[in-house]
Amino acid sequence: MMRTPIMAGNWKMHKTAREAVEFVTRLQKELGDWEETEVVVAPPFVALAPVAERLQGTKIALAAQDCFWEEQGAYTGEVSPPMVRDVGCRYVIIGHSERRAYFGETNETVNKKVKAALAHGLHPIICVGESLEQRERGDTFTFVGRQVKECLQGLEEAAIQKMVIAYEPIWAIGTGKTATPEQAQEVHTFIRGVVAETFSPQGAEVLRIQYGGSVKPDNVDELMAQPDIDGALVGGASLVVESFARIVRFERR
Ligand code: 13P
């Protein structure tokens with residue numbers, strides 16, 4: 001089964017609109033007509049429109065870092081799936097651990113957002129992952145299994161092919177401490193198994209599962225050599241053109 005690798009840069013709260021446009025201009029030049037991996041950038045909301053304009057006609061796809069579940073209404077500060085779609089996004093990151101930690105996101109709100117995103121033609125990148133405490137207690141599989149089930153609850157089987165799951169162990173985010181390729185592979189296989197059981201083995205087979213957490217040019221190759229790692233969701237290293245480009249063009253082992 002060939003799953004096209006997907007490399008996404010989650011810029012979090014970094015770069016102004018002007019810096020974002022400059023960045024993608026340089027990234028595009030660096031990558032040229034590269035098409036072996038799918039490349040996605042997720043700038044802050046206010047940079048989406050100018051970046052979308054600059055990316056027109058290129059192979060680089062755009063993602064939002066979040067969206068609300070309602071289409072419109074009195075929800076001050078929120079951005080809806082149709083708005084995200086309209087501005088030119090193909091993807092939307094949902095349920096990042098920072099949103100869960102600082103903004104009260106739960107599996108239930110993630111599930112609502114995933115459904116709304118899919119209903120408006122967006123491809124959700126759904127984030128799951130355990131804390132250090134949970135890993136040390138031996139709760140990784142129970143916790144991540146529940147996250148996957150609850151976040152995907154009530155979805156149709158066909159939806160599985162449209163989404164990406166990102167496994168991001170919280171202890172590896174921004175810490176420089178990556179999960180070993182074996183640790184990541186183990187959880188990725190487990191997630192694929194949960195999806196196979198809950199939906200279908202065929203759906204699980206095509207589902208792309210990204211790893212996230214201190215992915216850098218010098219560890220991407222060994223991570224991508226694992227059979228169930230289909231890409232990376234990159235924070236820090238996606239903010240620099242050279243390092244993100246190197247991650248995009250990882251070496252197959
Ligand atoms: P870092 O790559 O900076 O560890 O961040 C990972 C992440 O949270 C991507 O969504």
# chains A, B, ... in the order shown; residues from 1 in each chain; ligands from 1
$ select_by_dssp --residues "stretch 7-242 of chain A" --states "strand (DSSP E or B)" --output "count of residues only"
37
$ residues_near_ligand --ligand "ligand 1" --cutoff "6 Å" --atoms "only C-alpha atoms and all ligand atoms" --output "ChimeraX atom specification"
/A:10,173-174,212-215,233-237
$ write_last_selection --atoms "C-alpha atoms" --output "PDB file, in the first residue's frame"
ATOM      1  CA  ASN A  10       2.711  23.995  12.000  1.00  0.00           C
ATOM      2  CA  ILE A 173       6.869  18.755  21.557  1.00  0.00           C
ATOM      3  CA  GLY A 174       9.329  21.631  21.589  1.00  0.00           C
ATOM      4  CA  GLY A 212       5.094  15.176  15.506  1.00  0.00           C
ATOM      5  CA  GLY A 213       7.456  16.209  18.285  1.00  0.00           C
ATOM      6  CA  SER A 214      10.934  17.636  17.726  1.00  0.00           C
ATOM      7  CA  VAL A 215      11.193  16.405  14.136  1.00  0.00           C
ATOM      8  CA  LEU A 233       3.877  17.541  11.696  1.00  0.00           C
ATOM      9  CA  VAL A 234       6.736  19.907  12.338  1.00  0.00           C
ATOM     10  CA  GLY A 235       6.843  22.873  14.697  1.00  0.00           C
ATOM     11  CA  GLY A 236      10.167  24.614  15.327  1.00  0.00           C
ATOM     12  CA  ALA A 237      12.072  23.153  12.386  1.00  0.00           C
TER      13      ALA A 237
END
$ closest_atom_pairs --of "stretch 101-173 of chain A" --to "stretch 56-78 of chain A" --cutoff "12 Å" --atoms "only C-alpha atoms" --output "CSV"
residue,atom,partner,partner_atom,distance
A:Phe103,CA,A:Asp66,CA,11.3
A:Glu105,CA,A:Asp66,CA,10.6
A:Glu108,CA,A:Trp69,CA,11.2
A:Thr109,CA,A:Trp69,CA,8.2
A:Val110,CA,A:Trp69,CA,8.9
A:Asn111,CA,A:Trp69,CA,9.2
A:Lys112,CA,A:Trp69,CA,5.9
A:Lys113,CA,A:Trp69,CA,4.6
A:Val114,CA,A:Trp69,CA,7.9
A:Lys115,CA,A:Trp69,CA,7.8
A:Ala116,CA,A:Trp69,CA,5.2
A:Ala117,CA,A:Trp69,CA,7.4
A:Leu118,CA,A:Trp69,CA,10.4
A:Ala119,CA,A:Trp69,CA,10.0
A:His120,CA,A:Glu71,CA,9.2
A:Leu122,CA,A:Ala63,CA,9.2
A:His123,CA,A:Ala63,CA,8.9
A:Pro124,CA,A:Ala63,CA,9.0
A:Ile125,CA,A:Ala63,CA,9.0
A:Ile126,CA,A:Asp66,CA,10.1
A:Cys127,CA,A:Gln65,CA,11.0
$ residues_around --residues "stretch 22-35 of chain A" --least-positions-apart "4" --cutoff "10 Å" --atoms "only C-alpha atoms" --output "PDB file with N, CA and C atoms, in the first residue's frame"
ATOM      1  N   THR A   4       1.148   8.392   0.162  1.00  0.00           N
ATOM      2  CA  THR A   4       2.042   9.509  -0.147  1.00  0.00           C
ATOM      3  C   THR A   4       2.413  10.228   1.147  1.00  0.00           C
ATOM      4  N   LYS A  15       5.368  34.344  12.905  1.00  0.00           N
ATOM      5  CA  LYS A  15       5.422  35.017  11.603  1.00  0.00           C
ATOM      6  C   LYS A  15       4.196  35.917  11.342  1.00  0.00           C
ATOM      7  N   THR A  16       4.507  37.158  10.954  1.00  0.00           N
ATOM      8  CA  THR A  16       3.482  38.084  10.498  1.00  0.00           C
ATOM      9  C   THR A  16       3.105  37.684   9.072  1.00  0.00           C
ATOM     10  N   ALA A  17       2.065  38.320   8.550  1.00  0.00           N
ATOM     11  CA  ALA A  17       1.632  38.000   7.183  1.00  0.00           C
ATOM     12  C   ALA A  17       2.781  38.219   6.204  1.00  0.00           C
ATOM     13  N   ARG A  18       3.504  39.329   6.391  1.00  0.00           N
ATOM     14  CA  ARG A  18       4.595  39.609   5.453  1.00  0.00           C
ATOM     15  C   ARG A  18       5.717  38.579   5.544  1.00  0.00           C
ATOM     16  N   VAL A  39       3.347  18.648   0.591  1.00  0.00           N
ATOM     17  CA  VAL A  39       3.879  19.679   1.483  1.00  0.00           C
ATOM     18  C   VAL A  39       2.743  20.614   1.912  1.00  0.00           C
ATOM     19  N   VAL A  41       1.739  23.957   4.658  1.00  0.00           N
ATOM     20  CA  VAL A  41       2.136  24.931   5.674  1.00  0.00           C
ATOM     21  C   VAL A  41       0.894  25.454   6.386  1.00  0.00           C
ATOM     22  N   VAL A  51      -0.872  34.325   1.925  1.00  0.00           N
ATOM     23  CA  VAL A  51      -0.072  33.128   1.633  1.00  0.00           C
ATOM     24  C   VAL A  51      -0.777  32.285   0.563  1.00  0.00           C
ATOM     25  N   ALA A  52      -2.103  32.185   0.672  1.00  0.00           N
ATOM     26  CA  ALA A  52      -2.873  31.420  -0.330  1.00  0.00           C
ATOM     27  C   ALA A  52      -2.654  32.006  -1.710  1.00  0.00           C
ATOM     28  N   ARG A  54      -0.087  33.702  -2.779  1.00  0.00           N
ATOM     29  CA  ARG A  54       1.273  33.421  -3.226  1.00  0.00           C
ATOM     30  C   ARG A  54       1.453  31.952  -3.632  1.00  0.00           C
ATOM     31  N   LEU A  55       0.678  31.069  -2.993  1.00  0.00           N
ATOM     32  CA  LEU A  55       0.841  29.632  -3.279  1.00  0.00           C
ATOM     33  C   LEU A  55       0.052  29.155  -4.495  1.00  0.00           C
ATOM     34  N   THR A  58       1.099  26.489  -7.199  1.00  0.00           N
ATOM     35  CA  THR A  58       2.209  25.681  -6.682  1.00  0.00           C
ATOM     36  C   THR A  58       1.636  24.390  -6.091  1.00  0.00           C
ATOM     37  N   LYS A  59       2.525  23.492  -5.681  1.00  0.00           N
ATOM     38  CA  LYS A  59       2.074  22.203  -5.117  1.00  0.00           C
ATOM     39  C   LYS A  59       1.978  22.281  -3.589  1.00  0.00           C
ATOM     40  N   ILE A  60       2.344  23.425  -3.012  1.00  0.00           N
ATOM     41  CA  ILE A  60       2.298  23.539  -1.548  1.00  0.00           C
ATOM     42  C   ILE A  60       0.863  23.825  -1.103  1.00  0.00           C
ATOM     43  N   LEU A 239      10.014  26.469  10.732  1.00  0.00           N
ATOM     44  CA  LEU A 239      10.073  27.933  10.658  1.00  0.00           C
ATOM     45  C   LEU A 239      11.283  28.432   9.883  1.00  0.00           C
ATOM     46  N   VAL A 240      12.145  27.514   9.512  1.00  0.00           N
ATOM     47  CA  VAL A 240      13.355  27.857   8.765  1.00  0.00           C
ATOM     48  C   VAL A 240      13.299  27.124   7.425  1.00  0.00           C
ATOM     49  N   VAL A 241      13.411  27.855   6.326  1.00  0.00           N
ATOM     50  CA  VAL A 241      13.244  27.262   4.997  1.00  0.00           C
ATOM     51  C   VAL A 241      14.150  26.050   4.794  1.00  0.00           C
ATOM     52  N   GLU A 242      15.438  26.218   5.097  1.00  0.00           N
ATOM     53  CA  GLU A 242      16.390  25.142   4.822  1.00  0.00           C
ATOM     54  C   GLU A 242      16.041  23.866   5.593  1.00  0.00           C
ATOM     55  N   PHE A 244      13.118  22.974   6.963  1.00  0.00           N
ATOM     56  CA  PHE A 244      11.836  22.380   6.550  1.00  0.00           C
ATOM     57  C   PHE A 244      11.996  21.687   5.192  1.00  0.00           C
ATOM     58  N   ALA A 245      12.732  22.313   4.287  1.00  0.00           N
ATOM     59  CA  ALA A 245      12.946  21.716   2.959  1.00  0.00           C
ATOM     60  C   ALA A 245      13.677  20.377   3.078  1.00  0.00           C
ATOM     61  N   ARG A 246      14.619  20.313   4.005  1.00  0.00           N
ATOM     62  CA  ARG A 246      15.346  19.050   4.196  1.00  0.00           C
ATOM     63  C   ARG A 246      14.418  17.961   4.748  1.00  0.00           C
ATOM     64  N   VAL A 248      11.141  17.852   4.211  1.00  0.00           N
ATOM     65  CA  VAL A 248      10.282  17.504   3.071  1.00  0.00           C
ATOM     66  C   VAL A 248      10.978  16.494   2.166  1.00  0.00           C
ATOM     67  N   ARG A 249      12.284  16.733   1.948  1.00  0.00           N
ATOM     68  CA  ARG A 249      13.044  15.846   1.058  1.00  0.00           C
ATOM     69  C   ARG A 249      13.836  14.809   1.854  1.00  0.00           C
TER      70      ARG A 249
END
$ closest_residue --among "A:Val46, A:Leu152, A:Val87, A:Met2" --to "A:Val206" --atoms "only C-alpha atoms"
A:Met2
$ residues_around --residues "A:Thr198" --least-positions-apart "2" --cutoff "12 Å" --atoms "only C-alpha atoms" --output "PDB file with N, CA and C atoms, in the first residue's frame"
ATOM      1  N   GLY A 145      -5.732   5.476  22.496  1.00  0.00           N
ATOM      2  CA  GLY A 145      -6.849   4.714  21.917  1.00  0.00           C
ATOM      3  C   GLY A 145      -8.168   5.416  22.159  1.00  0.00           C
ATOM      4  N   ARG A 146      -8.348   5.931  23.375  1.00  0.00           N
ATOM      5  CA  ARG A 146      -9.586   6.637  23.678  1.00  0.00           C
ATOM      6  C   ARG A 146      -9.676   7.948  22.881  1.00  0.00           C
ATOM      7  N   VAL A 148      -8.424   8.606  19.960  1.00  0.00           N
ATOM      8  CA  VAL A 148      -8.755   8.293  18.561  1.00  0.00           C
ATOM      9  C   VAL A 148     -10.245   7.961  18.442  1.00  0.00           C
ATOM     10  N   LYS A 149     -10.729   7.089  19.307  1.00  0.00           N
ATOM     11  CA  LYS A 149     -12.138   6.674  19.219  1.00  0.00           C
ATOM     12  C   LYS A 149     -13.079   7.846  19.430  1.00  0.00           C
ATOM     13  N   GLU A 150     -12.796   8.659  20.455  1.00  0.00           N
ATOM     14  CA  GLU A 150     -13.712   9.763  20.752  1.00  0.00           C
ATOM     15  C   GLU A 150     -13.640  10.871  19.710  1.00  0.00           C
ATOM     16  N   CYS A 151     -12.456  11.137  19.194  1.00  0.00           N
ATOM     17  CA  CYS A 151     -12.324  12.199  18.189  1.00  0.00           C
ATOM     18  C   CYS A 151     -12.985  11.804  16.871  1.00  0.00           C
ATOM     19  N   LEU A 152     -13.037  10.501  16.587  1.00  0.00           N
ATOM     20  CA  LEU A 152     -13.585  10.027  15.307  1.00  0.00           C
ATOM     21  C   LEU A 152     -15.010   9.496  15.441  1.00  0.00           C
ATOM     22  N   GLN A 153     -15.565   9.646  16.636  1.00  0.00           N
ATOM     23  CA  GLN A 153     -16.873   9.067  16.898  1.00  0.00           C
ATOM     24  C   GLN A 153     -17.955   9.538  15.917  1.00  0.00           C
ATOM     25  N   GLY A 154     -18.708   8.562  15.386  1.00  0.00           N
ATOM     26  CA  GLY A 154     -19.845   8.899  14.528  1.00  0.00           C
ATOM     27  C   GLY A 154     -19.484   9.268  13.102  1.00  0.00           C
ATOM     28  N   LEU A 155     -18.243   9.126  12.731  1.00  0.00           N
ATOM     29  CA  LEU A 155     -17.859   9.450  11.350  1.00  0.00           C
ATOM     30  C   LEU A 155     -18.192   8.290  10.429  1.00  0.00           C
ATOM     31  N   GLU A 156     -18.425   8.633   9.167  1.00  0.00           N
ATOM     32  CA  GLU A 156     -18.638   7.574   8.184  1.00  0.00           C
ATOM     33  C   GLU A 156     -17.289   7.013   7.771  1.00  0.00           C
ATOM     34  N   GLU A 157     -17.323   5.788   7.303  1.00  0.00           N
ATOM     35  CA  GLU A 157     -16.086   5.123   6.913  1.00  0.00           C
ATOM     36  C   GLU A 157     -15.337   5.919   5.847  1.00  0.00           C
ATOM     37  N   ILE A 160     -12.574   8.534   6.688  1.00  0.00           N
ATOM     38  CA  ILE A 160     -11.230   8.116   7.100  1.00  0.00           C
ATOM     39  C   ILE A 160     -10.186   8.462   6.031  1.00  0.00           C
ATOM     40  N   ILE A 191      -2.529   2.895  16.530  1.00  0.00           N
ATOM     41  CA  ILE A 191      -3.586   3.788  16.039  1.00  0.00           C
ATOM     42  C   ILE A 191      -4.231   3.189  14.779  1.00  0.00           C
ATOM     43  N   ARG A 192      -3.394   2.691  13.881  1.00  0.00           N
ATOM     44  CA  ARG A 192      -3.938   2.080  12.662  1.00  0.00           C
ATOM     45  C   ARG A 192      -4.850   0.904  13.024  1.00  0.00           C
ATOM     46  N   GLY A 193      -4.460   0.150  14.048  1.00  0.00           N
ATOM     47  CA  GLY A 193      -5.267  -0.971  14.505  1.00  0.00           C
ATOM     48  C   GLY A 193      -6.611  -0.517  15.060  1.00  0.00           C
ATOM     49  N   VAL A 194      -6.599   0.557  15.822  1.00  0.00           N
ATOM     50  CA  VAL A 194      -7.851   1.076  16.391  1.00  0.00           C
ATOM     51  C   VAL A 194      -8.789   1.512  15.260  1.00  0.00           C
ATOM     52  N   VAL A 195      -8.229   2.171  14.260  1.00  0.00           N
ATOM     53  CA  VAL A 195      -9.049   2.627  13.125  1.00  0.00           C
ATOM     54  C   VAL A 195      -9.567   1.422  12.329  1.00  0.00           C
ATOM     55  N   ALA A 196      -8.742   0.404  12.183  1.00  0.00           N
ATOM     56  CA  ALA A 196      -9.163  -0.806  11.461  1.00  0.00           C
ATOM     57  C   ALA A 196     -10.337  -1.461  12.179  1.00  0.00           C
ATOM     58  N   SER A 200     -12.693   0.290   9.276  1.00  0.00           N
ATOM     59  CA  SER A 200     -12.444  -0.858   8.414  1.00  0.00           C
ATOM     60  C   SER A 200     -10.951  -1.008   8.181  1.00  0.00           C
ATOM     61  N   PRO A 201     -10.506  -2.239   7.944  1.00  0.00           N
ATOM     62  CA  PRO A 201      -9.087  -2.470   7.665  1.00  0.00           C
ATOM     63  C   PRO A 201      -8.645  -1.705   6.410  1.00  0.00           C
ATOM     64  N   GLN A 202      -9.522  -1.610   5.424  1.00  0.00           N
ATOM     65  CA  GLN A 202      -9.186  -0.889   4.191  1.00  0.00           C
ATOM     66  C   GLN A 202      -8.968   0.591   4.471  1.00  0.00           C
ATOM     67  N   GLY A 203      -9.851   1.160   5.286  1.00  0.00           N
ATOM     68  CA  GLY A 203      -9.723   2.569   5.654  1.00  0.00           C
ATOM     69  C   GLY A 203      -8.417   2.808   6.398  1.00  0.00           C
ATOM     70  N   ALA A 204      -8.104   1.903   7.309  1.00  0.00           N
ATOM     71  CA  ALA A 204      -6.897   2.034   8.119  1.00  0.00           C
ATOM     72  C   ALA A 204      -5.646   1.956   7.251  1.00  0.00           C
TER      73      ALA A 204
END
$ closest_residue --among "A:Phe45, A:Thr142, A:Met13, A:Ser97" --to "A:Val84" --atoms "only C-alpha atoms"
A:Phe45
$ residues_around --residues "A:Glu38" --least-positions-apart "4" --cutoff "7 Å" --atoms "only C-alpha atoms" --output "list in words"
Thr4, Pro5, Ile6 and Met7 of chain A
$ atom_distance --atom1 "atom CA of A:Arg208" --atom2 "atom CA of A:Gly138"
25.4 Å
$ residues_around --residues "A:Glu130" --least-positions-apart "6" --cutoff "8 Å" --atoms "only C-alpha atoms" --output "PyMOL selection string"
chain A and resi 140+143-144+168-171
$ write_last_selection --atoms "all heavy atoms" --output "PDB file, in the first residue's frame"
ATOM      1  N   THR A 140      -0.159   4.985  27.887  1.00  0.00           N
ATOM      2  CA  THR A 140      -0.118   5.527  26.526  1.00  0.00           C
ATOM      3  C   THR A 140      -1.206   4.938  25.616  1.00  0.00           C
ATOM      4  O   THR A 140      -1.964   5.677  24.987  1.00  0.00           O
ATOM      5  CB  THR A 140       1.276   5.292  25.894  1.00  0.00           C
ATOM      6  OG1 THR A 140       2.235   5.982  26.692  1.00  0.00           O
ATOM      7  CG2 THR A 140       1.340   5.822  24.476  1.00  0.00           C
ATOM      8  N   PHE A 143      -4.853   5.700  26.674  1.00  0.00           N
ATOM      9  CA  PHE A 143      -5.183   7.118  26.491  1.00  0.00           C
ATOM     10  C   PHE A 143      -5.307   7.471  25.012  1.00  0.00           C
ATOM     11  O   PHE A 143      -6.301   8.074  24.584  1.00  0.00           O
ATOM     12  CB  PHE A 143      -4.113   7.986  27.165  1.00  0.00           C
ATOM     13  CG  PHE A 143      -4.411   9.457  27.099  1.00  0.00           C
ATOM     14  CD1 PHE A 143      -5.375  10.027  27.916  1.00  0.00           C
ATOM     15  CD2 PHE A 143      -3.727  10.268  26.203  1.00  0.00           C
ATOM     16  CE1 PHE A 143      -5.663  11.386  27.845  1.00  0.00           C
ATOM     17  CE2 PHE A 143      -4.016  11.625  26.122  1.00  0.00           C
ATOM     18  CZ  PHE A 143      -4.973  12.187  26.942  1.00  0.00           C
ATOM     19  N   VAL A 144      -4.315   7.107  24.222  1.00  0.00           N
ATOM     20  CA  VAL A 144      -4.341   7.446  22.792  1.00  0.00           C
ATOM     21  C   VAL A 144      -5.490   6.707  22.099  1.00  0.00           C
ATOM     22  O   VAL A 144      -6.170   7.269  21.232  1.00  0.00           O
ATOM     23  CB  VAL A 144      -2.973   7.147  22.127  1.00  0.00           C
ATOM     24  CG1 VAL A 144      -3.049   7.323  20.617  1.00  0.00           C
ATOM     25  CG2 VAL A 144      -1.893   8.059  22.709  1.00  0.00           C
ATOM     26  N   GLU A 168       1.352  13.050  18.302  1.00  0.00           N
ATOM     27  CA  GLU A 168       2.323  13.974  18.884  1.00  0.00           C
ATOM     28  C   GLU A 168       2.416  13.742  20.389  1.00  0.00           C
ATOM     29  O   GLU A 168       1.616  14.296  21.153  1.00  0.00           O
ATOM     30  CB  GLU A 168       1.891  15.425  18.628  1.00  0.00           C
ATOM     31  CG  GLU A 168       1.774  15.785  17.169  1.00  0.00           C
ATOM     32  CD  GLU A 168       1.967  17.284  16.944  1.00  0.00           C
ATOM     33  OE1 GLU A 168       1.312  18.104  17.616  1.00  0.00           O
ATOM     34  OE2 GLU A 168       2.811  17.623  16.107  1.00  0.00           O
ATOM     35  N   PRO A 169       3.371  12.938  20.826  1.00  0.00           N
ATOM     36  CA  PRO A 169       3.544  12.768  22.269  1.00  0.00           C
ATOM     37  C   PRO A 169       3.918  14.119  22.885  1.00  0.00           C
ATOM     38  O   PRO A 169       4.855  14.774  22.415  1.00  0.00           O
ATOM     39  CB  PRO A 169       4.686  11.757  22.389  1.00  0.00           C
ATOM     40  CG  PRO A 169       5.344  11.695  21.058  1.00  0.00           C
ATOM     41  CD  PRO A 169       4.375  12.196  20.045  1.00  0.00           C
ATOM     42  N   ILE A 170       3.160  14.547  23.885  1.00  0.00           N
ATOM     43  CA  ILE A 170       3.326  15.904  24.421  1.00  0.00           C
ATOM     44  C   ILE A 170       4.743  16.141  24.939  1.00  0.00           C
ATOM     45  O   ILE A 170       5.306  17.213  24.772  1.00  0.00           O
ATOM     46  CB  ILE A 170       2.280  16.162  25.540  1.00  0.00           C
ATOM     47  CG1 ILE A 170       0.869  16.114  24.927  1.00  0.00           C
ATOM     48  CG2 ILE A 170       2.506  17.509  26.220  1.00  0.00           C
ATOM     49  CD1 ILE A 170      -0.248  16.056  25.937  1.00  0.00           C
ATOM     50  N   TRP A 171       5.344  15.103  25.485  1.00  0.00           N
ATOM     51  CA  TRP A 171       6.696  15.213  26.051  1.00  0.00           C
ATOM     52  C   TRP A 171       7.763  15.421  24.975  1.00  0.00           C
ATOM     53  O   TRP A 171       8.905  15.745  25.291  1.00  0.00           O
ATOM     54  CB  TRP A 171       7.017  13.983  26.905  1.00  0.00           C
ATOM     55  CG  TRP A 171       6.710  12.676  26.233  1.00  0.00           C
ATOM     56  CD1 TRP A 171       5.508  12.010  26.266  1.00  0.00           C
ATOM     57  CD2 TRP A 171       7.574  11.902  25.412  1.00  0.00           C
ATOM     58  NE1 TRP A 171       5.595  10.864  25.518  1.00  0.00           N
ATOM     59  CE2 TRP A 171       6.851  10.765  24.980  1.00  0.00           C
ATOM     60  CE3 TRP A 171       8.908  12.036  24.999  1.00  0.00           C
ATOM     61  CZ2 TRP A 171       7.394   9.785  24.158  1.00  0.00           C
ATOM     62  CZ3 TRP A 171       9.459  11.048  24.188  1.00  0.00           C
ATOM     63  CH2 TRP A 171       8.697   9.937  23.771  1.00  0.00           C
TER      64      TRP A 171
END
$ select_by_dssp --residues "stretch 12-225 of chain A" --states "alpha helix (DSSP H)" --output "ChimeraX atom specification"
/A:17-31,45-55,81-86,97-102,107-119,132-136,140-151,181-198,201-206,220-224
$ residues_around --residues "A:Pro227" --least-positions-apart "2" --cutoff "10 Å" --atoms "only C-alpha atoms" --output "PyMOL selection string"
chain A and resi 185+188-189+223-225+229-230
$ decode --residues "stretch 148-165 of chain A" --atoms "C-alpha atoms" --output "PDB file, in the first residue's frame"
ATOM      1  CA  VAL A 148      -8.755   8.293  18.561  1.00  0.00           C
ATOM      2  CA  LYS A 149     -12.138   6.674  19.219  1.00  0.00           C
ATOM      3  CA  GLU A 150     -13.712   9.763  20.752  1.00  0.00           C
ATOM      4  CA  CYS A 151     -12.324  12.199  18.189  1.00  0.00           C
ATOM      5  CA  LEU A 152     -13.585  10.027  15.307  1.00  0.00           C
ATOM      6  CA  GLN A 153     -16.873   9.067  16.898  1.00  0.00           C
ATOM      7  CA  GLY A 154     -19.845   8.899  14.528  1.00  0.00           C
ATOM      8  CA  LEU A 155     -17.859   9.450  11.350  1.00  0.00           C
ATOM      9  CA  GLU A 156     -18.638   7.574   8.184  1.00  0.00           C
ATOM     10  CA  GLU A 157     -16.086   5.123   6.913  1.00  0.00           C
ATOM     11  CA  ALA A 158     -15.481   7.260   3.818  1.00  0.00           C
ATOM     12  CA  ALA A 159     -14.286  10.104   6.056  1.00  0.00           C
ATOM     13  CA  ILE A 160     -11.230   8.116   7.100  1.00  0.00           C
ATOM     14  CA  GLN A 161      -9.642   8.552   3.693  1.00  0.00           C
ATOM     15  CA  LYS A 162      -9.991  12.313   3.910  1.00  0.00           C
ATOM     16  CA  MET A 163      -8.236  12.784   7.206  1.00  0.00           C
ATOM     17  CA  VAL A 164      -4.761  12.619   8.625  1.00  0.00           C
ATOM     18  CA  ILE A 165      -3.986  11.656  12.212  1.00  0.00           C
TER      19      ILE A 165
END
